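Source file: start00.csv; contents: CSV, C-alpha atoms and all ligand atoms.
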```csv
chain,number,residue,atom,x,y,z
U,1,MET,CA,127.6,125.2,175.0
U,2,THR,CA,128.3,124.2,171.4
U,3,THR,CA,131.7,124.0,170.0
U,4,GLN,CA,130.9,123.3,166.4
U,5,THR,CA,133.8,123.9,164.0
U,6,ASN,CA,133.0,126.7,161.6
U,7,PRO,CA,135.4,127.1,158.7
U,8,ASN,CA,134.9,130.8,159.0
U,9,LEU,CA,135.6,130.9,162.7
U,10,SER,CA,138.5,133.0,163.6
U,11,PRO,CA,141.4,131.0,165.0
U,12,LEU,CA,141.6,133.6,167.8
U,13,GLU,CA,139.8,132.0,170.7
U,14,HIS,CA,139.0,128.3,170.3
U,15,ASN,CA,139.8,124.9,171.7
U,16,HIS,CA,142.8,124.0,169.5
U,17,THR,CA,143.1,120.5,170.9
U,18,GLN,CA,139.6,119.8,169.5
U,19,CYS,CA,140.5,121.6,166.3
U,20,VAL,CA,143.5,119.2,165.8
U,21,SER,CA,141.6,116.1,166.7
U,22,GLU,CA,138.7,117.0,164.3
U,23,ALA,CA,141.2,117.7,161.5
U,24,LEU,CA,142.9,114.4,162.0
U,25,VAL,CA,139.7,112.4,162.3
U,26,THR,CA,138.3,114.1,159.2
U,27,ALA,CA,141.5,113.4,157.3
U,28,GLU,CA,141.3,109.7,158.3
U,29,HIS,CA,137.7,109.4,157.2
U,30,LEU,CA,138.3,111.2,153.9
U,31,CYS,CA,141.3,109.0,153.0
U,32,THR,CA,139.4,105.8,153.8
U,33,GLU,CA,136.5,107.0,151.7
U,34,ARG,CA,138.7,107.8,148.8
U,35,GLY,CA,140.7,104.6,149.1
U,36,VAL,CA,144.0,106.4,149.6
U,37,GLN,CA,146.5,105.7,152.3
U,38,LEU,CA,147.1,108.2,155.1
U,39,THR,CA,150.3,106.4,156.0
U,40,PRO,CA,151.9,107.0,159.5
U,41,ILE,CA,154.3,109.6,158.0
U,42,ARG,CA,151.6,111.5,156.2
U,43,HIS,CA,149.5,111.5,159.4
U,44,LYS,CA,152.5,112.7,161.4
U,45,VAL,CA,153.2,115.6,158.9
U,46,LEU,CA,149.6,116.6,159.0
U,47,GLU,CA,149.6,116.5,162.8
U,48,LEU,CA,152.8,118.7,162.9
U,49,ILE,CA,151.2,121.2,160.5
U,50,TRP,CA,148.2,121.3,162.8
U,51,GLU,CA,150.4,122.1,165.9
U,52,SER,CA,149.2,125.7,165.3
U,53,HIS,CA,147.4,127.9,162.8
U,54,LYS,CA,150.7,129.4,161.8
U,55,ALA,CA,152.1,128.8,158.3
U,56,VAL,CA,154.9,126.3,158.6
U,57,LYS,CA,157.8,125.8,156.2
U,58,ALA,CA,159.0,122.4,154.9
U,59,TYR,CA,162.3,122.6,156.7
U,60,GLU,CA,160.6,123.4,160.0
U,61,LEU,CA,158.5,120.3,159.6
U,62,LEU,CA,161.6,118.3,158.9
U,63,ASP,CA,163.2,119.7,162.1
U,64,ARG,CA,160.1,118.6,164.1
U,65,LEU,CA,160.0,115.2,162.4
U,66,LYS,CA,163.7,114.3,162.9
U,67,PRO,CA,163.5,113.6,166.6
U,68,LEU,CA,160.7,111.2,165.9
U,69,GLN,CA,161.9,109.7,162.7
U,70,GLN,CA,165.7,110.0,162.3
U,71,ALA,CA,165.6,108.7,158.7
U,72,ALA,CA,163.3,111.6,157.6
U,73,LYS,CA,164.7,113.5,154.6
U,74,PRO,CA,163.5,116.6,152.8
U,75,ALA,CA,162.0,114.3,150.2
U,76,THR,CA,160.0,112.5,152.9
U,77,ILE,CA,158.4,115.8,153.8
U,78,TYR,CA,157.8,116.9,150.3
U,79,ARG,CA,156.1,113.6,149.3
U,80,ALA,CA,153.9,113.8,152.3
U,81,LEU,CA,153.1,117.5,151.6
U,82,ASP,CA,152.2,116.7,148.0
U,83,PHE,CA,149.8,114.0,149.1
U,84,LEU,CA,148.2,116.2,151.7
U,85,MET,CA,147.7,119.0,149.2
U,86,GLU,CA,146.3,116.6,146.6
U,87,GLN,CA,143.8,115.5,149.1
U,88,GLY,CA,142.9,119.1,150.0
U,89,LEU,CA,143.9,118.6,153.7
U,90,ILE,CA,146.4,121.4,153.7
U,91,HIS,CA,147.0,124.6,151.7
U,92,ARG,CA,150.2,126.0,150.4
U,93,VAL,CA,150.6,129.7,151.3
U,94,GLU,CA,152.4,130.7,148.1
U,95,SER,CA,153.6,134.1,149.3
U,96,LEU,CA,155.4,132.5,152.3
U,97,ASN,CA,156.3,129.2,150.7
U,98,ALA,CA,154.7,127.5,153.7
U,99,PHE,CA,151.8,125.3,154.6
U,100,VAL,CA,148.7,125.5,156.8
U,101,GLY,CA,146.1,122.9,157.7
U,102,CYS,CA,142.6,123.2,156.0
U,103,SER,CA,139.6,122.5,158.1
U,104,CYS,CA,137.0,123.1,155.4
U,105,SER,CA,136.0,119.8,154.0
U,106,GLY,CA,139.1,118.1,152.6
U,107,LEU,CA,137.9,119.1,149.1
U,108,GLN,CA,140.0,121.2,146.8
U,109,HIS,CA,138.5,124.7,147.0
U,110,GLU,CA,139.2,128.3,146.5
U,111,GLN,CA,140.4,130.3,149.4
U,112,LEU,CA,140.9,133.7,150.8
U,113,LEU,CA,143.9,133.5,153.2
U,114,LEU,CA,144.4,136.2,155.8
U,115,ILE,CA,148.1,136.1,156.8
U,116,CYS,CA,149.2,137.8,160.0
U,117,LYS,CA,152.8,139.1,159.7
U,118,ASN,CA,153.1,139.4,163.5
U,119,CYS,CA,152.1,135.9,164.6
U,120,GLN,CA,152.1,134.1,161.1
U,121,GLU,CA,148.7,132.7,161.8
U,122,VAL,CA,146.6,132.1,158.7
U,123,GLU,CA,142.9,132.5,158.8
U,124,GLU,CA,141.0,130.8,155.9
U,125,ARG,CA,137.8,132.3,154.7
U,126,SER,CA,135.6,130.7,152.0
U,127,ALA,CA,134.5,134.2,150.8
U,128,LYS,CA,132.3,132.8,148.0
U,129,LYS,CA,131.1,136.1,146.7
U,130,VAL,CA,134.7,137.4,146.4
U,131,MET,CA,135.9,134.3,144.7
U,132,ALA,CA,132.9,134.4,142.3
U,133,ALA,CA,133.8,138.0,141.4
U,134,VAL,CA,137.4,137.0,140.8
U,135,SER,CA,136.3,134.1,138.6
U,136,GLN,CA,134.3,136.5,136.5
U,137,GLU,CA,137.4,138.8,136.0
U,138,ILE,CA,139.6,135.8,135.1
U,139,LYS,CA,137.0,134.6,132.6
U,140,GLN,CA,136.9,138.0,131.0
U,141,ALA,CA,140.7,138.0,130.7
U,142,GLY,CA,140.6,134.6,129.0
U,143,PHE,CA,143.1,133.3,131.5
U,144,ILE,CA,143.5,129.6,132.3
U,145,VAL,CA,143.8,129.1,136.1
U,146,HIS,CA,146.1,126.5,137.6
U,147,SER,CA,145.4,127.5,141.2
U,148,LYS,CA,143.5,130.2,142.8
U,149,ALA,CA,143.9,131.6,146.3
U,150,ILE,CA,143.9,135.2,147.4
U,151,GLU,CA,146.6,135.9,150.0
U,152,VAL,CA,146.1,139.0,152.1
U,153,HIS,CA,148.9,140.1,154.5
U,154,GLY,CA,148.4,142.2,157.5
U,155,ILE,CA,147.8,142.1,161.3
U,156,CYS,CA,145.2,139.8,162.8
U,157,ALA,CA,142.6,140.9,165.3
U,158,LYS,CA,144.4,139.2,168.1
U,159,CYS,CA,147.7,140.9,167.4
U,160,GLN,CA,146.1,144.3,167.1
U,161,THR,CA,145.4,144.1,170.8
U,162,LEU,CA,149.0,143.3,171.8
U,163,PRO,CA,151.3,146.1,172.9
U,164,GLY,CA,154.1,147.2,170.6
U,165,VAL,CA,152.5,145.8,167.4
U,166,ASN,CA,152.5,148.3,164.6
U,167,VAL,CA,149.2,147.9,162.8
U,168,ASN,CA,149.6,150.7,160.3
U,169,ASN,CA,152.8,150.0,158.5
U,170,SER,CA,151.3,148.3,155.4
U,171,VAL,CA,149.6,149.1,152.1
U,172,SER,CA,146.0,148.2,151.7
U,201,ZN,ZN,142.8,125.5,166.2
U,202,ZN,ZN,140.7,125.1,152.9
U,203,ZN,ZN,148.5,137.8,164.5
```
Please render this file's structure as structure tokens.
Amino acid sequence: MTTQTNPNLSPLEHNHTQCVSEALVTAEHLCTERGVQLTPIRHKVLELIWESHKAVKAYELLDRLKPLQQAAKPATIYRALDFLMEQGLIHRVESLNAFVGCSCSGLQHEQLLLICKNCQEVEERSAKKVMAAVSQEIKQAGFIVHSKAIEVHGICAKCQTLPGVNVNNSVS
């Protein structure tokens, strides 16, 4: 049985322990390669973000970090988050003001983010054709891009199977 990580693999059914360890190992390699420091605090913040595929807010990270590192302050978290974003190891979900781990390659890249409003899990798709089409539109508009991600809100495949989840109450 192969358990290769596929960036387009749905986060539904998978071995998350492996998911996390791969993400951390990749991050360590990339930082070494780039000659940047994945300090213990940056490593810990990345690990906390990878606890799940849910988008996590900065204050939630601080709450999780506090028991481990009592001196941690909001600035500690923000500095670590800035570093992790610069290195392309996490993504900011703008519409939620929250963060999610990236398992693509550690390179800065365009993303299509599918955000479940029931479980808050975020599935990242590379969606190259979609992003190319969007780039074309942006070019035609003569717009200068600072960041580009498409965030789609709805109900994920897993939550659709749960009782009591209203799947229809949103615009498309
Ligand atoms: Zn996972
Ligand atoms: Zn990514
Ligand atoms: Zn869900």
Closest atom pairs, chain U residues within 7 Å of ligand ZN 201 (chain U), all atoms listed in the file, as a Markdown table:
```
| residue | atom | partner | partner_atom | distance |
| --- | --- | --- | --- | --- |
| U:Pro11 | CA | U:ZN201 | ZN | 5.8 |
| U:His14 | CA | U:ZN201 | ZN | 6.3 |
| U:Asn15 | CA | U:ZN201 | ZN | 6.3 |
| U:His16 | CA | U:ZN201 | ZN | 3.6 |
| U:Thr17 | CA | U:ZN201 | ZN | 6.9 |
| U:Cys19 | CA | U:ZN201 | ZN | 4.5 |
| U:Val20 | CA | U:ZN201 | ZN | 6.4 |
| U:Ser52 | CA | U:ZN201 | ZN | 6.5 |
| U:His53 | CA | U:ZN201 | ZN | 6.2 |
```
Can I get the residues close to ligand ZN 202 (chain U) as a ChimeraX atom specification, where close means within 12 Å and we count all atoms listed in the file? /U:6-8,23,84-93,99-113,122-127,148-150
Hey, which residues sit close to ligand ZN 203 (chain U)? Say within 6 Å, counting only C-alpha atoms and all ligand atoms, and write them as number ranges by chain. U: 116, 118-119, 121, 155-156, 158-159
Let's have the selection written as a compact mmCIF listing (two decimals), keeping the file's coordinate frame, with C-alpha atoms.
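The resulting again.txt:
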```txt
# COMPACT_ATOMS: atom_id res chain seq x y z
CA CYS U 116 149.20 137.80 160.00
CA ASN U 118 153.10 139.40 163.50
CA CYS U 119 152.10 135.90 164.60
CA GLU U 121 148.70 132.70 161.80
CA ILE U 155 147.80 142.10 161.30
CA CYS U 156 145.20 139.80 162.80
CA LYS U 158 144.40 139.20 168.10
CA CYS U 159 147.70 140.90 167.40
```
For the atom pair CA of Ile115 (chain U) and CA of His153 (chain U), what is the interatomic distance in Å to one decimal place? 4.7 Å
Any idea what the distance is between CA of Phe143 (chain U) and CA of Val130 (chain U)? 17.6 Å
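Minimum atom-to-atom distances from U:Val36, U:Ala98, U:Ala80, U:Ala27 to Lys57 (chain U) were compared using all atoms listed in the file, and the lowest value belongs to U:Ala98.
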Excluding Thr39 (chain U) and its own-chain neighbours fewer than 2 positions away, which residues fall within 12 Å of it when counting only C-alpha atoms? Please give them as a list in words. Ala27, Glu28, Cys31, Thr32, Gly35, Val36, Gln37, Ile41, Arg42, His43, Lys44, Val45, Leu46, Thr76, Arg79, Ala80, Phe83 and Leu84 of chain U
Atom-to-atom span, CA of Tyr59 (chain U) and CA of Leu24 (chain U), Å: 21.7 Å
My list of candidates is U:Lys139, U:Lys129, U:Lys117, U:His146. Which is closest to Gln160 (chain U) when distances are computed with all atoms listed in the file? U:Lys117
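Proximity of U:Val145, U:Ala55, U:Gln136, U:Asp63 to Gln120 (chain U), computed with only C-alpha atoms, is greatest for U:Ala55.
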Coordinates of region 18-156 of chain U, C-alpha atoms, as a PDB file, in the first residue's frame:
```pdb
ATOM      1  CA  GLN U  18       2.393  10.911   8.757  1.00  0.00           C
ATOM      2  CA  CYS U  19       1.038  14.112   7.274  1.00  0.00           C
ATOM      3  CA  VAL U  20       2.478  16.122  10.178  1.00  0.00           C
ATOM      4  CA  SER U  21       5.838  14.397  10.268  1.00  0.00           C
ATOM      5  CA  GLU U  22       6.272  14.862   6.510  1.00  0.00           C
ATOM      6  CA  ALA U  23       5.391  18.531   6.787  1.00  0.00           C
ATOM      7  CA  LEU U  24       7.902  19.073   9.581  1.00  0.00           C
ATOM      8  CA  VAL U  25      10.675  17.136   7.877  1.00  0.00           C
ATOM      9  CA  THR U  26      10.066  19.032   4.630  1.00  0.00           C
ATOM     10  CA  ALA U  27      10.162  22.328   6.510  1.00  0.00           C
ATOM     11  CA  GLU U  28      13.465  21.394   8.169  1.00  0.00           C
ATOM     12  CA  HIS U  29      15.016  20.430   4.827  1.00  0.00           C
ATOM     13  CA  LEU U  30      13.826  23.567   3.080  1.00  0.00           C
ATOM     14  CA  CYS U  31      15.089  25.852   5.805  1.00  0.00           C
ATOM     15  CA  THR U  32      18.496  24.156   5.804  1.00  0.00           C
ATOM     16  CA  GLU U  33      18.638  24.404   2.006  1.00  0.00           C
ATOM     17  CA  ARG U  34      17.756  28.088   2.111  1.00  0.00           C
ATOM     18  CA  GLY U  35      20.102  28.839   4.979  1.00  0.00           C
ATOM     19  CA  VAL U  36      17.313  30.176   7.191  1.00  0.00           C
ATOM     20  CA  GLN U  37      16.709  29.200  10.799  1.00  0.00           C
ATOM     21  CA  LEU U  38      13.752  27.073  11.735  1.00  0.00           C
ATOM     22  CA  THR U  39      14.189  28.042  15.381  1.00  0.00           C
ATOM     23  CA  PRO U  40      12.520  25.932  18.105  1.00  0.00           C
ATOM     24  CA  ILE U  41       9.706  28.464  18.428  1.00  0.00           C
ATOM     25  CA  ARG U  42       9.051  28.559  14.658  1.00  0.00           C
ATOM     26  CA  HIS U  43       9.133  24.780  14.589  1.00  0.00           C
ATOM     27  CA  LYS U  44       6.677  24.591  17.490  1.00  0.00           C
ATOM     28  CA  VAL U  45       4.261  27.067  15.880  1.00  0.00           C
ATOM     29  CA  LEU U  46       4.387  25.088  12.643  1.00  0.00           C
ATOM     30  CA  GLU U  47       3.700  21.896  14.583  1.00  0.00           C
ATOM     31  CA  LEU U  48       0.751  23.531  16.377  1.00  0.00           C
ATOM     32  CA  ILE U  49      -0.706  24.684  13.062  1.00  0.00           C
ATOM     33  CA  TRP U  50      -0.366  21.153  11.753  1.00  0.00           C
ATOM     34  CA  GLU U  51      -2.321  19.685  14.658  1.00  0.00           C
ATOM     35  CA  SER U  52      -5.178  19.538  12.188  1.00  0.00           C
ATOM     36  CA  HIS U  53      -6.229  20.776   8.771  1.00  0.00           C
ATOM     37  CA  LYS U  54      -8.443  23.359  10.394  1.00  0.00           C
ATOM     38  CA  ALA U  55      -7.645  27.012   9.931  1.00  0.00           C
ATOM     39  CA  VAL U  56      -6.266  28.286  13.226  1.00  0.00           C
ATOM     40  CA  LYS U  57      -6.166  31.841  14.514  1.00  0.00           C
ATOM     41  CA  ALA U  58      -3.117  33.512  16.033  1.00  0.00           C
ATOM     42  CA  TYR U  59      -4.658  33.761  19.505  1.00  0.00           C
ATOM     43  CA  GLU U  60      -5.506  30.041  19.442  1.00  0.00           C
ATOM     44  CA  LEU U  61      -1.873  29.317  18.674  1.00  0.00           C
ATOM     45  CA  LEU U  62      -0.840  31.514  21.558  1.00  0.00           C
ATOM     46  CA  ASP U  63      -3.188  29.598  23.872  1.00  0.00           C
ATOM     47  CA  ARG U  64      -1.622  26.330  22.768  1.00  0.00           C
ATOM     48  CA  LEU U  65       1.896  27.645  23.075  1.00  0.00           C
ATOM     49  CA  LYS U  66       1.516  29.233  26.526  1.00  0.00           C
ATOM     50  CA  PRO U  67       1.575  25.989  28.548  1.00  0.00           C
ATOM     51  CA  LEU U  68       4.811  25.050  26.772  1.00  0.00           C
ATOM     52  CA  GLN U  69       6.422  28.437  26.754  1.00  0.00           C
ATOM     53  CA  GLN U  70       5.099  30.790  29.365  1.00  0.00           C
ATOM     54  CA  ALA U  71       6.994  33.782  28.031  1.00  0.00           C
ATOM     55  CA  ALA U  72       5.202  33.547  24.675  1.00  0.00           C
ATOM     56  CA  LYS U  73       3.518  36.790  23.634  1.00  0.00           C
ATOM     57  CA  PRO U  74       1.368  37.682  20.638  1.00  0.00           C
ATOM     58  CA  ALA U  75       4.468  39.159  18.989  1.00  0.00           C
ATOM     59  CA  THR U  76       6.225  35.808  19.395  1.00  0.00           C
ATOM     60  CA  ILE U  77       3.457  34.150  17.411  1.00  0.00           C
ATOM     61  CA  TYR U  78       3.257  36.865  14.761  1.00  0.00           C
ATOM     62  CA  ARG U  79       6.977  36.798  14.119  1.00  0.00           C
ATOM     63  CA  ALA U  80       6.907  33.016  13.750  1.00  0.00           C
ATOM     64  CA  LEU U  81       3.860  33.213  11.450  1.00  0.00           C
ATOM     65  CA  ASP U  82       5.556  35.848   9.267  1.00  0.00           C
ATOM     66  CA  PHE U  83       8.577  33.633   8.889  1.00  0.00           C
ATOM     67  CA  LEU U  84       6.505  30.539   8.065  1.00  0.00           C
ATOM     68  CA  MET U  85       4.501  32.490   5.482  1.00  0.00           C
ATOM     69  CA  GLU U  86       7.641  33.933   3.898  1.00  0.00           C
ATOM     70  CA  GLN U  87       8.993  30.427   3.543  1.00  0.00           C
ATOM     71  CA  GLY U  88       5.714  29.223   2.034  1.00  0.00           C
ATOM     72  CA  LEU U  89       5.206  26.658   4.803  1.00  0.00           C
ATOM     73  CA  ILE U  90       1.788  27.939   5.837  1.00  0.00           C
ATOM     74  CA  HIS U  91      -0.987  29.941   4.210  1.00  0.00           C
ATOM     75  CA  ARG U  92      -3.017  32.761   5.601  1.00  0.00           C
ATOM     76  CA  VAL U  93      -6.721  32.237   5.027  1.00  0.00           C
ATOM     77  CA  GLU U  94      -7.598  35.895   4.554  1.00  0.00           C
ATOM     78  CA  SER U  95     -11.353  35.504   4.884  1.00  0.00           C
ATOM     79  CA  LEU U  96     -10.971  33.881   8.308  1.00  0.00           C
ATOM     80  CA  ASN U  97      -7.837  35.712   9.413  1.00  0.00           C
ATOM     81  CA  ALA U  98      -6.419  32.301  10.235  1.00  0.00           C
ATOM     82  CA  PHE U  99      -3.610  30.012   9.163  1.00  0.00           C
ATOM     83  CA  VAL U 100      -3.254  26.563   7.723  1.00  0.00           C
ATOM     84  CA  GLY U 101      -0.260  24.358   6.956  1.00  0.00           C
ATOM     85  CA  CYS U 102       0.846  23.968   3.332  1.00  0.00           C
ATOM     86  CA  SER U 103       2.016  20.590   2.128  1.00  0.00           C
ATOM     87  CA  CYS U 104       2.755  21.555  -1.463  1.00  0.00           C
ATOM     88  CA  SER U 105       6.434  22.226  -1.697  1.00  0.00           C
ATOM     89  CA  GLY U 106       7.306  25.060   0.582  1.00  0.00           C
ATOM     90  CA  LEU U 107       7.438  27.386  -2.391  1.00  0.00           C
ATOM     91  CA  GLN U 108       5.231  30.412  -2.630  1.00  0.00           C
ATOM     92  CA  HIS U 109       2.403  29.484  -4.924  1.00  0.00           C
ATOM     93  CA  GLU U 110      -1.134  30.273  -5.909  1.00  0.00           C
ATOM     94  CA  GLN U 111      -3.870  28.424  -4.173  1.00  0.00           C
ATOM     95  CA  LEU U 112      -7.480  27.476  -4.339  1.00  0.00           C
ATOM     96  CA  LEU U 113      -8.640  27.004  -0.757  1.00  0.00           C
ATOM     97  CA  LEU U 114     -11.832  25.107  -0.010  1.00  0.00           C
ATOM     98  CA  ILE U 115     -12.963  26.128   3.460  1.00  0.00           C
ATOM     99  CA  CYS U 116     -15.562  24.079   5.305  1.00  0.00           C
ATOM    100  CA  LYS U 117     -17.781  26.180   7.529  1.00  0.00           C
ATOM    101  CA  ASN U 118     -18.812  23.157   9.565  1.00  0.00           C
ATOM    102  CA  CYS U 119     -15.431  21.698  10.535  1.00  0.00           C
ATOM    103  CA  GLN U 120     -13.171  24.639   9.493  1.00  0.00           C
ATOM    104  CA  GLU U 121     -10.898  22.275   7.610  1.00  0.00           C
ATOM    105  CA  VAL U 122      -9.194  23.823   4.621  1.00  0.00           C
ATOM    106  CA  GLU U 123      -8.380  21.790   1.563  1.00  0.00           C
ATOM    107  CA  GLU U 124      -5.757  23.265  -0.716  1.00  0.00           C
ATOM    108  CA  ARG U 125      -5.932  22.546  -4.421  1.00  0.00           C
ATOM    109  CA  SER U 126      -3.332  23.705  -6.905  1.00  0.00           C
ATOM    110  CA  ALA U 127      -6.004  24.188  -9.634  1.00  0.00           C
ATOM    111  CA  LYS U 128      -3.479  25.365 -12.226  1.00  0.00           C
ATOM    112  CA  LYS U 129      -6.026  25.884 -14.999  1.00  0.00           C
ATOM    113  CA  VAL U 130      -8.269  27.971 -12.774  1.00  0.00           C
ATOM    114  CA  MET U 131      -5.382  30.089 -11.579  1.00  0.00           C
ATOM    115  CA  ALA U 132      -4.115  30.582 -15.148  1.00  0.00           C
ATOM    116  CA  ALA U 133      -7.568  31.788 -16.191  1.00  0.00           C
ATOM    117  CA  VAL U 134      -7.658  34.159 -13.229  1.00  0.00           C
ATOM    118  CA  SER U 135      -4.196  35.471 -14.127  1.00  0.00           C
ATOM    119  CA  GLN U 136      -5.469  36.229 -17.609  1.00  0.00           C
ATOM    120  CA  GLU U 137      -8.385  38.249 -16.220  1.00  0.00           C
ATOM    121  CA  ILE U 138      -6.097  40.136 -13.876  1.00  0.00           C
ATOM    122  CA  LYS U 139      -3.738  40.969 -16.720  1.00  0.00           C
ATOM    123  CA  GLN U 140      -6.612  42.293 -18.801  1.00  0.00           C
ATOM    124  CA  ALA U 141      -7.678  44.493 -15.915  1.00  0.00           C
ATOM    125  CA  GLY U 142      -4.147  45.905 -15.671  1.00  0.00           C
ATOM    126  CA  PHE U 143      -4.173  45.057 -11.991  1.00  0.00           C
ATOM    127  CA  ILE U 144      -1.005  44.622  -9.922  1.00  0.00           C
ATOM    128  CA  VAL U 145      -1.273  41.555  -7.710  1.00  0.00           C
ATOM    129  CA  HIS U 146       0.104  41.443  -4.179  1.00  0.00           C
ATOM    130  CA  SER U 147      -1.255  38.067  -3.270  1.00  0.00           C
ATOM    131  CA  LYS U 148      -3.477  35.645  -5.005  1.00  0.00           C
ATOM    132  CA  ALA U 149      -5.587  32.932  -3.485  1.00  0.00           C
ATOM    133  CA  ILE U 150      -9.150  31.986  -4.143  1.00  0.00           C
ATOM    134  CA  GLU U 151     -11.065  31.139  -0.998  1.00  0.00           C
ATOM    135  CA  VAL U 152     -14.245  29.145  -1.410  1.00  0.00           C
ATOM    136  CA  HIS U 153     -16.588  28.617   1.551  1.00  0.00           C
ATOM    137  CA  GLY U 154     -18.959  25.702   1.883  1.00  0.00           C
ATOM    138  CA  ILE U 155     -19.366  22.227   3.317  1.00  0.00           C
ATOM    139  CA  CYS U 156     -16.691  19.589   2.784  1.00  0.00           C
TER     140      CYS U 156
END
```
